[in-house]
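A.B. asks: Pasting protein_29.txt here (compact mmCIF, C-alpha atoms):
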# COMPACT_ATOMS: atom_id res chain seq x y z
CA MET Q 147 8.75 -4.24 22.77
CA SER Q 148 7.66 -1.24 24.84
CA ASP Q 149 6.16 0.28 21.66
CA ILE Q 150 3.90 -2.73 21.26
CA ILE Q 151 2.69 -2.50 24.87
CA THR Q 152 1.91 1.20 24.45
CA LEU Q 153 0.08 0.43 21.24
CA ASP Q 154 -1.93 -2.31 22.93
CA GLN Q 155 -2.82 -0.17 25.91
CA SER Q 156 -3.81 2.96 24.00
CA ARG Q 157 -5.78 1.41 21.16
CA PRO Q 158 -5.62 -2.33 20.58
CA ILE Q 159 -5.73 -3.32 16.91
CA PHE Q 160 -7.65 -6.35 15.63
CA PRO Q 161 -5.04 -8.99 14.62
CA PHE Q 162 -4.52 -9.45 10.87
CA THR Q 163 -4.34 -13.25 11.17
CA ALA Q 164 -7.74 -13.30 12.94
CA ILE Q 165 -9.56 -11.82 9.94
CA VAL Q 166 -11.84 -14.42 8.35
CA GLY Q 167 -12.12 -14.59 4.53
CA GLN Q 168 -11.45 -11.57 2.26
CA GLU Q 169 -8.38 -13.36 0.85
CA GLU Q 170 -8.12 -11.04 -2.16
CA MET Q 171 -7.83 -7.96 0.04
CA LYS Q 172 -5.34 -9.58 2.42
CA LEU Q 173 -3.16 -10.83 -0.45
CA SER Q 174 -3.07 -7.35 -2.08
CA LEU Q 175 -1.94 -5.72 1.18
CA ILE Q 176 0.70 -8.38 1.88
CA LEU Q 177 2.19 -8.10 -1.64
CA ASN Q 178 2.46 -4.32 -1.28
CA VAL Q 179 4.38 -4.72 2.00
CA ILE Q 180 6.78 -7.14 0.27
CA ASP Q 181 7.29 -4.85 -2.75
CA PRO Q 182 6.18 -1.22 -2.14
CA LYS Q 183 6.91 -0.45 -5.82
CA ILE Q 184 3.72 -2.32 -6.77
CA GLY Q 185 2.08 1.02 -6.06
CA GLY Q 186 -0.58 0.50 -3.42
CA VAL Q 187 -4.05 -1.00 -3.41
CA MET Q 188 -7.60 0.24 -3.81
CA ILE Q 189 -10.15 -1.76 -1.82
CA MET Q 190 -13.73 -1.42 -3.00
CA GLY Q 191 -16.63 -3.20 -1.35
CA ASP Q 192 -19.87 -3.07 0.59
CA ARG Q 193 -20.00 -1.22 3.88
CA GLY Q 194 -19.29 -3.33 6.96
CA THR Q 195 -17.04 -5.85 5.20
CA GLY Q 196 -13.93 -5.12 7.30
CA LYS Q 197 -12.03 -2.92 4.83
CA SER Q 198 -10.73 -0.39 7.38
CA THR Q 199 -10.22 -3.10 10.03
CA THR Q 200 -8.00 -5.13 7.67
CA VAL Q 201 -5.91 -2.16 6.53
CA ARG Q 202 -5.34 -0.97 10.11
CA ALA Q 203 -4.53 -4.54 11.20
CA LEU Q 204 -1.58 -4.40 8.79
CA VAL Q 205 0.25 -2.01 11.19
CA ASP Q 206 1.26 -4.92 13.44
CA LEU Q 207 2.98 -6.75 10.58
CA LEU Q 208 5.00 -3.92 9.10
CA PRO Q 209 8.76 -4.61 9.13
CA GLU Q 210 11.49 -2.26 10.34
CA ILE Q 211 13.46 0.06 8.06
CA LYS Q 212 16.63 2.14 8.55
CA VAL Q 213 15.94 5.86 8.96
CA VAL Q 214 18.01 8.94 9.76
CA LEU Q 215 17.53 9.81 13.44
CA ASN Q 216 15.20 12.77 14.19
CA ASP Q 217 14.47 13.33 10.50
CA PRO Q 218 10.85 14.39 9.86
CA PHE Q 219 10.88 12.79 6.39
CA ASN Q 220 12.01 9.27 7.45
CA SER Q 221 15.02 9.70 5.12
CA ASP Q 222 16.85 6.61 3.91
CA PRO Q 223 20.53 6.84 4.98
CA GLU Q 224 21.64 5.02 1.80
CA ASP Q 225 19.27 5.94 -1.06
CA PRO Q 226 19.61 9.58 -2.29
CA GLU Q 227 16.14 9.39 -3.91
CA LEU Q 228 14.59 8.93 -0.46
CA MET Q 229 16.64 11.56 1.38
CA SER Q 230 15.66 15.06 2.38
CA GLU Q 231 17.85 17.92 1.14
CA GLU Q 232 19.32 18.45 4.64
CA VAL Q 233 20.51 14.85 4.90
CA ARG Q 234 21.96 15.00 1.39
CA GLU Q 235 23.85 18.19 2.23
CA LYS Q 236 25.27 16.56 5.38
CA LEU Q 237 26.50 13.58 3.36
CA LYS Q 238 28.08 15.86 0.76
CA LYS Q 239 30.04 17.54 3.56
CA ASN Q 240 30.98 14.09 4.91
CA GLU Q 241 29.20 14.81 8.18
CA LYS Q 242 28.24 11.82 10.29
CA ILE Q 243 24.53 11.00 10.36
CA GLU Q 244 22.93 8.92 13.07
CA VAL Q 245 20.81 6.01 11.92
CA THR Q 246 18.09 4.13 13.76
CA ASN Q 247 15.62 1.32 12.97
CA ARG Q 248 11.90 1.95 13.14
CA LYS Q 249 8.72 0.27 11.96
CA ILE Q 250 7.17 1.41 8.69
CA LEU Q 251 4.50 3.99 9.55
CA MET Q 252 0.87 4.00 8.50
CA VAL Q 253 -0.53 7.52 8.18
CA ASP Q 254 -4.27 8.22 8.03
CA LEU Q 255 -5.41 10.95 5.65
CA PRO Q 256 -8.71 12.38 7.01
CA LEU Q 257 -11.34 13.37 4.43
CA GLY Q 258 -11.59 16.88 5.85
CA ALA Q 259 -7.84 17.57 5.93
CA THR Q 260 -6.68 20.92 4.58
CA GLU Q 261 -4.05 21.18 1.86
CA ASP Q 262 -1.60 22.72 4.37
CA ARG Q 263 -2.07 19.76 6.73
CA VAL Q 264 -1.37 17.31 3.91
CA CYS Q 265 1.53 19.10 2.16
CA GLY Q 266 3.03 21.05 5.04
CA THR Q 267 3.46 24.81 5.47
CA ILE Q 268 6.25 27.36 5.19
CA ASP Q 269 6.58 29.89 8.00
CA ILE Q 270 6.80 33.00 5.82
CA GLU Q 271 7.47 35.35 8.76
CA LYS Q 272 10.47 33.32 9.93
CA ALA Q 273 11.72 32.98 6.38
CA LEU Q 274 11.63 36.74 5.82
CA THR Q 275 12.95 37.87 9.22
CA GLU Q 276 15.58 35.18 9.88
CA GLY Q 277 16.31 34.12 6.30
CA VAL Q 278 15.77 30.41 7.03
CA LYS Q 279 13.40 28.04 5.29
CA ALA Q 280 11.14 27.20 8.23
CA PHE Q 281 9.06 24.25 7.06
CA GLU Q 282 6.35 22.56 9.10
CA PRO Q 283 6.08 19.04 7.57
CA GLY Q 284 2.64 17.64 6.72
CA LEU Q 285 1.16 14.16 6.37
CA LEU Q 286 3.01 13.47 3.09
CA ALA Q 287 6.35 13.98 4.88
CA LYS Q 288 5.30 11.59 7.65
CA ALA Q 289 4.13 9.01 5.09
CA ASN Q 290 7.44 8.97 3.17
CA ARG Q 291 8.62 5.31 2.94
CA GLY Q 292 5.41 4.28 4.72
CA ILE Q 293 1.73 3.74 3.96
CA LEU Q 294 -0.76 6.52 3.32
CA TYR Q 295 -4.27 5.29 4.04
CA VAL Q 296 -7.34 7.12 2.75
CA ASP Q 297 -10.67 5.74 3.97
CA GLU Q 298 -13.65 6.60 1.72
CA VAL Q 299 -11.16 7.74 -0.93
CA ASN Q 300 -13.97 8.27 -3.47
CA LEU Q 301 -15.31 11.10 -1.26
CA LEU Q 302 -11.97 12.93 -1.12
CA ASP Q 303 -12.00 16.60 -2.23
CA ASP Q 304 -10.70 17.25 -5.73
CA HIS Q 305 -7.89 19.56 -4.59
CA LEU Q 306 -6.52 16.81 -2.30
CA VAL Q 307 -6.84 14.25 -5.10
CA ASP Q 308 -4.65 16.54 -7.25
CA VAL Q 309 -2.04 16.75 -4.48
CA LEU Q 310 -1.99 12.95 -4.10
CA LEU Q 311 -1.73 12.44 -7.87
CA ASP Q 312 1.19 14.83 -8.06
CA SER Q 313 3.13 13.18 -5.20
CA ALA Q 314 2.30 9.64 -6.33
CA ALA Q 315 3.55 10.44 -9.85
CA SER Q 316 6.83 12.13 -8.91
CA GLY Q 317 7.63 10.68 -5.48
CA TRP Q 318 8.28 14.25 -4.28
CA ASN Q 319 6.15 16.89 -2.61
CA THR Q 320 6.83 20.55 -3.43
CA VAL Q 321 5.40 23.38 -1.35
CA GLU Q 322 5.55 26.88 -2.82
CA ARG Q 323 4.49 29.99 -0.90
CA GLU Q 324 5.35 33.65 -1.61
CA GLY Q 325 8.31 32.79 -3.84
CA ILE Q 326 9.78 30.26 -1.40
CA SER Q 327 9.94 26.65 -2.57
CA ILE Q 328 10.66 23.53 -0.52
CA SER Q 329 10.73 19.93 -1.80
CA HIS Q 330 10.99 16.66 0.09
CA PRO Q 331 10.66 12.97 -0.84
CA ALA Q 332 7.11 11.58 -0.59
CA ARG Q 333 7.29 7.94 -1.66
CA PHE Q 334 4.45 6.05 -0.05
CA ILE Q 335 2.25 3.02 -0.59
CA LEU Q 336 -1.17 4.49 -1.33
CA VAL Q 337 -3.97 2.42 0.22
CA GLY Q 338 -7.55 3.51 -0.32
CA SER Q 339 -10.89 2.00 0.59
CA GLY Q 340 -14.40 2.93 -0.39
CA ASN Q 341 -17.95 1.89 -1.17
CA PRO Q 342 -18.77 2.01 -4.91
CA GLU Q 343 -22.34 3.09 -4.10
CA GLU Q 344 -21.03 6.38 -2.68
CA GLY Q 345 -19.48 7.52 -5.95
CA GLU Q 346 -16.90 6.59 -8.55
CA LEU Q 347 -13.21 7.35 -8.25
CA ARG Q 348 -11.53 9.68 -10.74
CA PRO Q 349 -9.85 7.54 -13.45
CA GLN Q 350 -6.50 9.34 -13.02
CA LEU Q 351 -6.41 8.40 -9.32
CA LEU Q 352 -7.68 4.87 -9.92
CA ASP Q 353 -4.80 4.27 -12.34
CA ARG Q 354 -2.32 5.32 -9.62
CA PHE Q 355 -3.29 2.30 -7.49
CA GLY Q 356 -1.17 -0.70 -8.43
CA MET Q 357 -3.84 -3.20 -7.42
CA HIS Q 358 -7.61 -3.20 -7.02
CA ALA Q 359 -9.30 -5.60 -4.59
CA GLN Q 360 -13.04 -6.08 -4.83
CA ILE Q 361 -14.73 -7.54 -1.79
CA GLY Q 362 -18.28 -8.54 -0.99
CA THR Q 363 -20.24 -9.51 2.08
CA VAL Q 364 -19.59 -13.08 3.28
CA LYS Q 365 -22.59 -15.21 2.31
CA GLU Q 366 -21.93 -18.45 4.25
CA SER Q 367 -23.87 -18.38 7.52
CA ASN Q 368 -21.26 -20.34 9.55
CA LEU Q 369 -18.50 -17.89 8.49
CA ARG Q 370 -20.73 -14.94 9.37
CA VAL Q 371 -21.30 -16.39 12.84
CA GLN Q 372 -17.54 -16.90 13.26
CA ILE Q 373 -16.86 -13.26 12.31
CA VAL Q 374 -19.54 -11.97 14.70
CA GLU Q 375 -18.21 -14.12 17.57
CA GLN Q 376 -14.61 -13.00 16.97
CA ARG Q 377 -15.60 -9.35 16.90
CA ALA Q 378 -17.59 -9.77 20.14
CA SER Q 379 -14.62 -11.50 21.84
CA PHE Q 380 -12.25 -8.74 20.70
CA ASP Q 381 -14.54 -5.94 21.88
CA GLU Q 382 -14.98 -7.62 25.27
CA ALA Q 383 -11.29 -8.31 26.02
CA PRO Q 384 -9.00 -6.97 23.27
CA LEU Q 385 -5.68 -7.72 24.99
CA GLU Q 386 -6.67 -11.31 25.77
CA PHE Q 387 -7.91 -11.78 22.20
CA ARG Q 388 -4.64 -10.47 20.78
CA LYS Q 389 -2.62 -12.89 22.93
CA ASN Q 390 -4.33 -15.83 21.19
CA TYR Q 391 -2.94 -14.65 17.85
CA LYS Q 392 0.51 -13.60 19.04
CA ASP Q 393 2.29 -16.63 17.51
CA SER Q 394 0.52 -16.47 14.14
CA GLN Q 395 1.16 -12.70 13.93
CA LYS Q 396 4.88 -13.22 14.72
CA GLU Q 397 5.11 -16.01 12.14
CA LEU Q 398 3.52 -13.84 9.43
CA THR Q 399 5.77 -10.86 10.28
CA GLU Q 400 8.87 -13.06 9.97
CA LYS Q 401 7.57 -14.49 6.69
CA LEU Q 402 7.09 -10.96 5.31
CA THR Q 403 10.57 -9.86 6.42
CA GLN Q 404 12.09 -12.93 4.74
CA ALA Q 405 10.05 -12.35 1.56
CA ARG Q 406 11.35 -8.76 1.33
CA LYS Q 407 14.91 -10.11 1.46
CA ASN Q 408 14.18 -12.91 -1.07
CA LEU Q 409 12.44 -10.64 -3.58
CA LYS Q 410 15.65 -9.70 -5.43
CA ASN Q 411 16.39 -13.41 -6.09
CA VAL Q 412 13.02 -14.15 -7.74
CA GLU Q 413 13.01 -14.49 -11.52
CA ILE Q 414 10.18 -14.50 -14.02
CA ASP Q 415 10.59 -16.44 -17.26
CA TYR Q 416 10.83 -14.34 -20.46
CA ASP Q 417 8.00 -16.35 -22.03
CA PHE Q 418 5.73 -15.50 -19.06
CA ARG Q 419 6.57 -11.80 -19.41
CA ILE Q 420 5.61 -11.94 -23.09
CA LYS Q 421 2.29 -13.60 -22.19
CA ILE Q 422 1.53 -11.00 -19.48
CA SER Q 423 2.02 -8.24 -22.05
CA GLN Q 424 -0.09 -10.20 -24.57
CA ILE Q 425 -2.95 -10.34 -22.03
CA CYS Q 426 -2.68 -6.58 -21.41
CA SER Q 427 -2.67 -5.94 -25.15
CA GLU Q 428 -5.73 -8.17 -25.80
CA LEU Q 429 -7.63 -6.43 -22.99
CA ASN Q 430 -6.77 -2.99 -24.48
CA VAL Q 431 -5.14 -1.82 -21.25
CA ASP Q 432 -3.91 1.77 -21.64
CA GLY Q 433 -0.21 2.35 -20.96
CA LEU Q 434 2.34 -0.11 -19.59
CA ARG Q 435 1.60 0.25 -15.89
CA GLY Q 436 -0.50 -2.95 -15.94
CA ASP Q 437 2.41 -4.99 -17.38
CA ILE Q 438 4.86 -3.60 -14.81
CA VAL Q 439 2.59 -4.15 -11.78
CA THR Q 440 1.67 -7.71 -12.84
CA ASN Q 441 5.37 -8.62 -13.17
CA ARG Q 442 6.15 -7.14 -9.75
CA ALA Q 443 3.16 -8.75 -8.00
CA SER Q 444 3.95 -12.18 -9.51
CA LYS Q 445 7.50 -11.96 -8.13
CA ALA Q 446 6.23 -10.80 -4.73
CA ILE Q 447 3.84 -13.76 -4.36
CA ALA Q 448 6.67 -16.18 -5.28
CA ALA Q 449 8.92 -14.52 -2.66
CA PHE Q 450 6.11 -14.76 -0.08
CA GLU Q 451 5.91 -18.52 -0.70
CA ASN Q 452 9.72 -18.79 -0.48
CA ARG Q 453 10.32 -19.64 -4.15
CA THR Q 454 12.74 -18.15 -6.67
CA GLU Q 455 10.76 -18.92 -9.85
CA VAL Q 456 7.39 -17.44 -10.82
CA THR Q 457 4.78 -20.01 -11.91
CA PRO Q 458 1.69 -19.47 -14.12
CA GLU Q 459 -0.45 -20.05 -10.98
CA ASP Q 460 1.23 -17.02 -9.35
CA ILE Q 461 0.34 -14.87 -12.34
CA PHE Q 462 -3.23 -16.22 -12.39
CA ARG Q 463 -3.71 -15.24 -8.73
CA VAL Q 464 -2.47 -11.67 -9.11
CA ILE Q 465 -3.36 -10.59 -12.65
CA PRO Q 466 -7.08 -9.86 -11.97
CA LEU Q 467 -6.02 -7.60 -9.05
CA CYS Q 468 -3.51 -5.76 -11.25
CA LEU Q 469 -5.65 -5.25 -14.36
CA ARG Q 470 -9.30 -5.19 -13.24
CA HIS Q 471 -9.42 -1.40 -12.76
CA ARG Q 472 -7.48 -0.63 -15.94
CA LEU Q 473 -10.05 -2.05 -18.38
CA ARG Q 474 -12.20 0.32 -20.37
CA LYS Q 475 -15.74 0.45 -19.05
CA ASP Q 476 -18.38 -1.01 -21.36
CA PRO Q 477 -21.90 -0.36 -20.01
CA LEU Q 478 -23.37 -3.17 -22.15
CA GLU Q 479 -20.96 -5.83 -20.86
CA SER Q 480 -22.39 -8.23 -18.28
CA ILE Q 481 -19.15 -10.05 -17.36
CA ASP Q 482 -17.21 -8.90 -14.26
CA SER Q 483 -13.88 -7.25 -15.17
CA GLY Q 484 -11.96 -9.70 -12.93
CA ASP Q 485 -13.55 -12.69 -14.71
CA LYS Q 486 -12.76 -11.12 -18.08
CA VAL Q 487 -9.06 -10.92 -17.08
CA ARG Q 488 -9.12 -14.58 -15.93
CA GLU Q 489 -10.71 -15.74 -19.20
CA THR Q 490 -8.08 -13.90 -21.26
CA PHE Q 491 -5.33 -15.40 -19.05
CA LYS Q 492 -6.68 -18.94 -19.67
CA LYS Q 493 -6.79 -18.32 -23.42
CA VAL Q 494 -3.23 -16.91 -23.61
CA PHE Q 495 -1.69 -19.51 -21.25
CA GLY Q 496 -3.63 -22.38 -22.87
CA TYR Q 497 -5.61 -23.31 -19.75
CA GLN Q 498 -8.97 -24.99 -20.16
Please express the file's structure as structure tokens.

C.D. replies:
Amino acid sequence: MSDIITLDQSRPIFPFTAIVGQEEMKLSLILNVIDPKIGGVMIMGDRGTGKSTTVRALVDLLPEIKVVLNDPFNSDPEDPELMSEEVREKLKKNEKIEVTNRKILMVDLPLGATEDRVCGTIDIEKALTEGVKAFEPGLLAKANRGILYVDEVNLLDDHLVDVLLDSAASGWNTVEREGISISHPARFILVGSGNPEEGELRPQLLDRFGMHAQIGTVKESNLRVQIVEQRASFDEAPLEFRKNYKDSQKELTEKLTQARKNLKNVEIDYDFRIKISQICSELNVDGLRGDIVTNRASKAIAAFENRTEVTPEDIFRVIPLCLRHRLRKDPLESIDSGDKVRETFKKVFGYQ
């Protein structure tokens, strides 16, 4: 509880449940918290539509995970794939490791970050004089088992994009300097936001995002007024404003924690899996990542709504988010890629 007070006092965060509209973006973020293996979300939209606000608001809702005490890589005490080498060595020697619970972290990756800051550095002098691998962990170490958020991801330097691609593909970060090599787990949910007017994203990086949410400016005048009033109230008295949403925030956090537990019990009918793959095939989606992510997201939405069976409606809600960014670009096509996915879904599932 003391952590929450400190958080509130230092820099109050706008409550997630107070955000008006932008359902597609909120759903994508929630599903990634329920099942991190979905692979993150890319949020593209106009400036001033609340992209960064919504992503940062997610911090309040993140559940707790078990981590090894004082471990810079947030190592999982049970899963060897998510353990640092030191922890694994300790377990091999049957040494006792202390475990604690902590909230999933959200790490910001600044656009101007250096490669050393992101990957971490090896203290060569210490390594040569004392013979120990002195490693100063970077942002990827901190983001292990958490969320790595890149604002304006389409403006990120190419060398950092390569580093992210490498870690996202393997789940490990390797730092090599002067013949010394150190590896550590770097499994994170990659969340990016950007404005399409400021430049396109490299296709290799775009494919690494499990989901793609497209958001626009709210057009209804009464909703716009509501958003403006809420923002003004929050800026004037943030702590008071947060108190009004305390119950709804707690309720959503509990719902997410329960959904994470229920996820393993959710099943998707074989016939539905065939149809998902048929949709991907008809849309000429490259690779199988689209099929995998759609299956995972459909299960996550069922778990969120406390069900154990996936329905066609679940698939219809998530499939545009999972496939939209995987379609081949046709400059002559006038239809929106999300609508194209929905039309193909209706045809395959026999909806009118």

A.B. asks: Could you give me, as a VMD selection string, the residues within 9 Å of segment 158-164 of chain Q, counting all atoms listed in the file and dropping anything in the same chain fewer than 6 positions from it?

C.D. replies: chain Q and resid 172 199 to 207 376 to 377 380 384 to 385 387 to 388 391 to 392 394 to 395 398

A.B. asks: Would you kindly return, as a ChimeraX atom specification, each protein, DNA or RNA residue with an atom no farther than 8 Å from any atom of segment 433-442 of chain Q, considering only C-alpha atoms and excluding same-chain residues fewer than 2 positions away?

C.D. replies: /Q:181,183-185,356-357,414,419,422-423,426,431,444-446,461,464-465,468-469,472

A.B. asks: Measuring atom to atom with only C-alpha atoms, identify which of Q:Gly340, Q:Pro283, Q:Gly196, Q:Gly484 is nearest to Ile328 of chain Q.

C.D. replies: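 Among the listed residues, the smallest separation from Ile328 of chain Q belongs to Q:Pro283.
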
A.B. asks: Which residue, Q:Val412, Q:Gly338, Q:Ala289, Q:Arg470, has the smallest gap to Ile447 of chain Q when you use all atoms listed in the file?

C.D. replies: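 Under the stated criterion, the closest residue is Q:Val412.
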
A.B. asks: Just give me the gap between atom CA of Ile268 of chain Q and atom CA of Ser329 of chain Q in Å, one decimal is fine.

C.D. replies: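 It comes out at 11.1 Å.
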
A.B. asks: Could you state the separation of atom CA of Thr490 of chain Q and atom CA of Thr457 of chain Q in Å, given to one decimal place?

C.D. replies: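 These two atoms are separated by 17.0 Å.
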
A.B. asks: Record the distance separating atom CA of Asp225 of chain Q and atom CA of Thr246 of chain Q, expressed in Å with one decimal.

C.D. replies: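 The value is 15.0 Å.
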
A.B. asks: If we count only C-alpha atoms and set the cut-off at 12 Å, which residues sit around Glu346 of chain Q, ignoring sequence neighbours fewer than 6 positions away in its own chain? Please answer as a PyMOL selection string.

C.D. replies: chain Q and resi 190+298-302+339-340+352+471

A.B. asks: Please return, as JSON, numbers by chain, all polymer residues that have at least one atom within 10 Å of the point (19.8, 6.5, 2.9); use all atoms listed in the file and the file's own coordinate frame.

C.D. replies: {"Q": [212, 213, 214, 220, 221, 222, 223, 224, 225, 226, 227, 228, 229, 230, 233, 234, 237, 243, 245]}

A.B. asks: Q:Ile425, Q:Val374, Q:Val179, Q:Ile361: which is nearest Phe450 of chain Q, counting all atoms listed in the file?

C.D. replies: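 Looking only at the distances to Phe450 of chain Q, the closest residue turns out to be Q:Val179.
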
A.B. asks: Of the candidates Q:Lys236, Q:Arg333, Q:Arg157, Q:Arg263, which shows the shortest atom-to-atom distance to Gly186 of chain Q, using all atoms listed in the file?

C.D. replies: Q:Arg333

A.B. asks: Between Q:Glu428, Q:Val166, Q:Gly292, Q:Leu175, which has the minimum distance to Glu489 of chain Q (counting only C-alpha atoms)?

C.D. replies: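 The closest residue to Glu489 of chain Q is Q:Glu428.
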
A.B. asks: For segment 318-321 of chain Q, find every residue with an atom within 12 Å (counting all atoms listed in the file), except residues of its own chain fewer than 3 positions away, and show them as a ChimeraX atom specification.

C.D. replies: /Q:219,227-231,261-269,279-291,308-315,324-334

A.B. asks: For those residues, write C-alpha atoms to a file as a tab-separated table (two decimals), keeping the file's coordinate frame.

C.D. replies:
chain	number	residue	atom	x	y	z
Q	219	PHE	CA	10.88	12.79	6.39
Q	227	GLU	CA	16.14	9.39	-3.91
Q	228	LEU	CA	14.59	8.93	-0.46
Q	229	MET	CA	16.64	11.56	1.38
Q	230	SER	CA	15.66	15.06	2.38
Q	231	GLU	CA	17.85	17.92	1.14
Q	261	GLU	CA	-4.05	21.18	1.86
Q	262	ASP	CA	-1.60	22.72	4.37
Q	263	ARG	CA	-2.07	19.76	6.73
Q	264	VAL	CA	-1.37	17.31	3.91
Q	265	CYS	CA	1.53	19.10	2.16
Q	266	GLY	CA	3.03	21.05	5.04
Q	267	THR	CA	3.46	24.81	5.47
Q	268	ILE	CA	6.25	27.36	5.19
Q	269	ASP	CA	6.58	29.89	8.00
Q	279	LYS	CA	13.40	28.04	5.29
Q	280	ALA	CA	11.14	27.20	8.23
Q	281	PHE	CA	9.06	24.25	7.06
Q	282	GLU	CA	6.35	22.56	9.10
Q	283	PRO	CA	6.08	19.04	7.57
Q	284	GLY	CA	2.64	17.64	6.72
Q	285	LEU	CA	1.16	14.16	6.37
Q	286	LEU	CA	3.01	13.47	3.09
Q	287	ALA	CA	6.35	13.98	4.88
Q	288	LYS	CA	5.30	11.59	7.65
Q	289	ALA	CA	4.13	9.01	5.09
Q	290	ASN	CA	7.44	8.97	3.17
Q	291	ARG	CA	8.62	5.31	2.94
Q	308	ASP	CA	-4.65	16.54	-7.25
Q	309	VAL	CA	-2.04	16.75	-4.48
Q	310	LEU	CA	-1.99	12.95	-4.10
Q	311	LEU	CA	-1.73	12.44	-7.87
Q	312	ASP	CA	1.19	14.83	-8.06
Q	313	SER	CA	3.13	13.18	-5.20
Q	314	ALA	CA	2.30	9.64	-6.33
Q	315	ALA	CA	3.55	10.44	-9.85
Q	324	GLU	CA	5.35	33.65	-1.61
Q	325	GLY	CA	8.31	32.79	-3.84
Q	326	ILE	CA	9.78	30.26	-1.40
Q	327	SER	CA	9.94	26.65	-2.57
Q	328	ILE	CA	10.66	23.53	-0.52
Q	329	SER	CA	10.73	19.93	-1.80
Q	330	HIS	CA	10.99	16.66	0.09
Q	331	PRO	CA	10.66	12.97	-0.84
Q	332	ALA	CA	7.11	11.58	-0.59
Q	333	ARG	CA	7.29	7.94	-1.66
Q	334	PHE	CA	4.45	6.05	-0.05

A.B. asks: Which of these residues is nearest to Thr195 of chain Q, using all atoms listed in the file: Q:Lys242, Q:Lys389, Q:Gln168, Q:Lys410?

C.D. replies: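 Going through Q:Lys242, Q:Lys389, Q:Gln168, Q:Lys410 one by one, the smallest distance to Thr195 of chain Q is for Q:Gln168.
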
A.B. asks: For segment 318-332 of chain Q, what centre and edge lengths in Å (one decimal) does the axis-aligned box get once 3 Å is added on each side of all its listed atoms, as lines of an AutoDock Vina configuration file?

C.D. replies:
center_x = 7.7
center_y = 22.6
center_z = -2.1
size_x = 12.5
size_y = 28.1
size_z = 10.4

A.B. asks: Just write segment 153-181 of chain Q with C-alpha atoms, as an mmCIF file, in the first residue's frame, taken from the block above.

C.D. replies:
data_model
loop_
_atom_site.group_PDB
_atom_site.id
_atom_site.type_symbol
_atom_site.label_atom_id
_atom_site.label_comp_id
_atom_site.auth_asym_id
_atom_site.auth_seq_id
_atom_site.Cartn_x
_atom_site.Cartn_y
_atom_site.Cartn_z
ATOM 1 C CA LEU Q 153 3.360 6.679 -6.588
ATOM 2 C CA ASP Q 154 0.422 9.016 -6.032
ATOM 3 C CA GLN Q 155 2.516 11.643 -4.298
ATOM 4 C CA SER Q 156 5.416 11.671 -6.749
ATOM 5 C CA ARG Q 157 3.519 11.525 -10.029
ATOM 6 C CA PRO Q 158 -0.187 10.698 -10.013
ATOM 7 C CA ILE Q 159 -1.300 8.613 -12.997
ATOM 8 C CA PHE Q 160 -4.600 9.170 -14.809
ATOM 9 C CA PRO Q 161 -6.889 6.205 -13.901
ATOM 10 C CA PHE Q 162 -7.386 3.606 -16.649
ATOM 11 C CA THR Q 163 -11.112 3.266 -15.908
ATOM 12 C CA ALA Q 164 -11.585 7.041 -16.336
ATOM 13 C CA ILE Q 165 -10.466 6.975 -19.976
ATOM 14 C CA VAL Q 166 -13.409 7.692 -22.286
ATOM 15 C CA GLY Q 167 -13.740 5.737 -25.563
ATOM 16 C CA GLN Q 168 -10.723 4.195 -27.381
ATOM 17 C CA GLU Q 169 -12.116 0.714 -26.639
ATOM 18 C CA GLU Q 170 -9.880 -0.981 -29.221
ATOM 19 C CA MET Q 171 -6.718 0.324 -27.574
ATOM 20 C CA LYS Q 172 -7.901 -0.522 -24.044
ATOM 21 C CA LEU Q 173 -8.924 -4.055 -25.065
ATOM 22 C CA SER Q 174 -5.524 -4.709 -26.723
ATOM 23 C CA LEU Q 175 -3.648 -3.636 -23.584
ATOM 24 C CA ILE Q 176 -5.894 -5.658 -21.251
ATOM 25 C CA LEU Q 177 -5.525 -8.840 -23.347
ATOM 26 C CA ASN Q 178 -1.728 -8.486 -23.297
ATOM 27 C CA VAL Q 179 -1.749 -8.243 -19.487
ATOM 28 C CA ILE Q 180 -3.873 -11.422 -19.316
ATOM 29 C CA ASP Q 181 -1.626 -13.323 -21.755
#
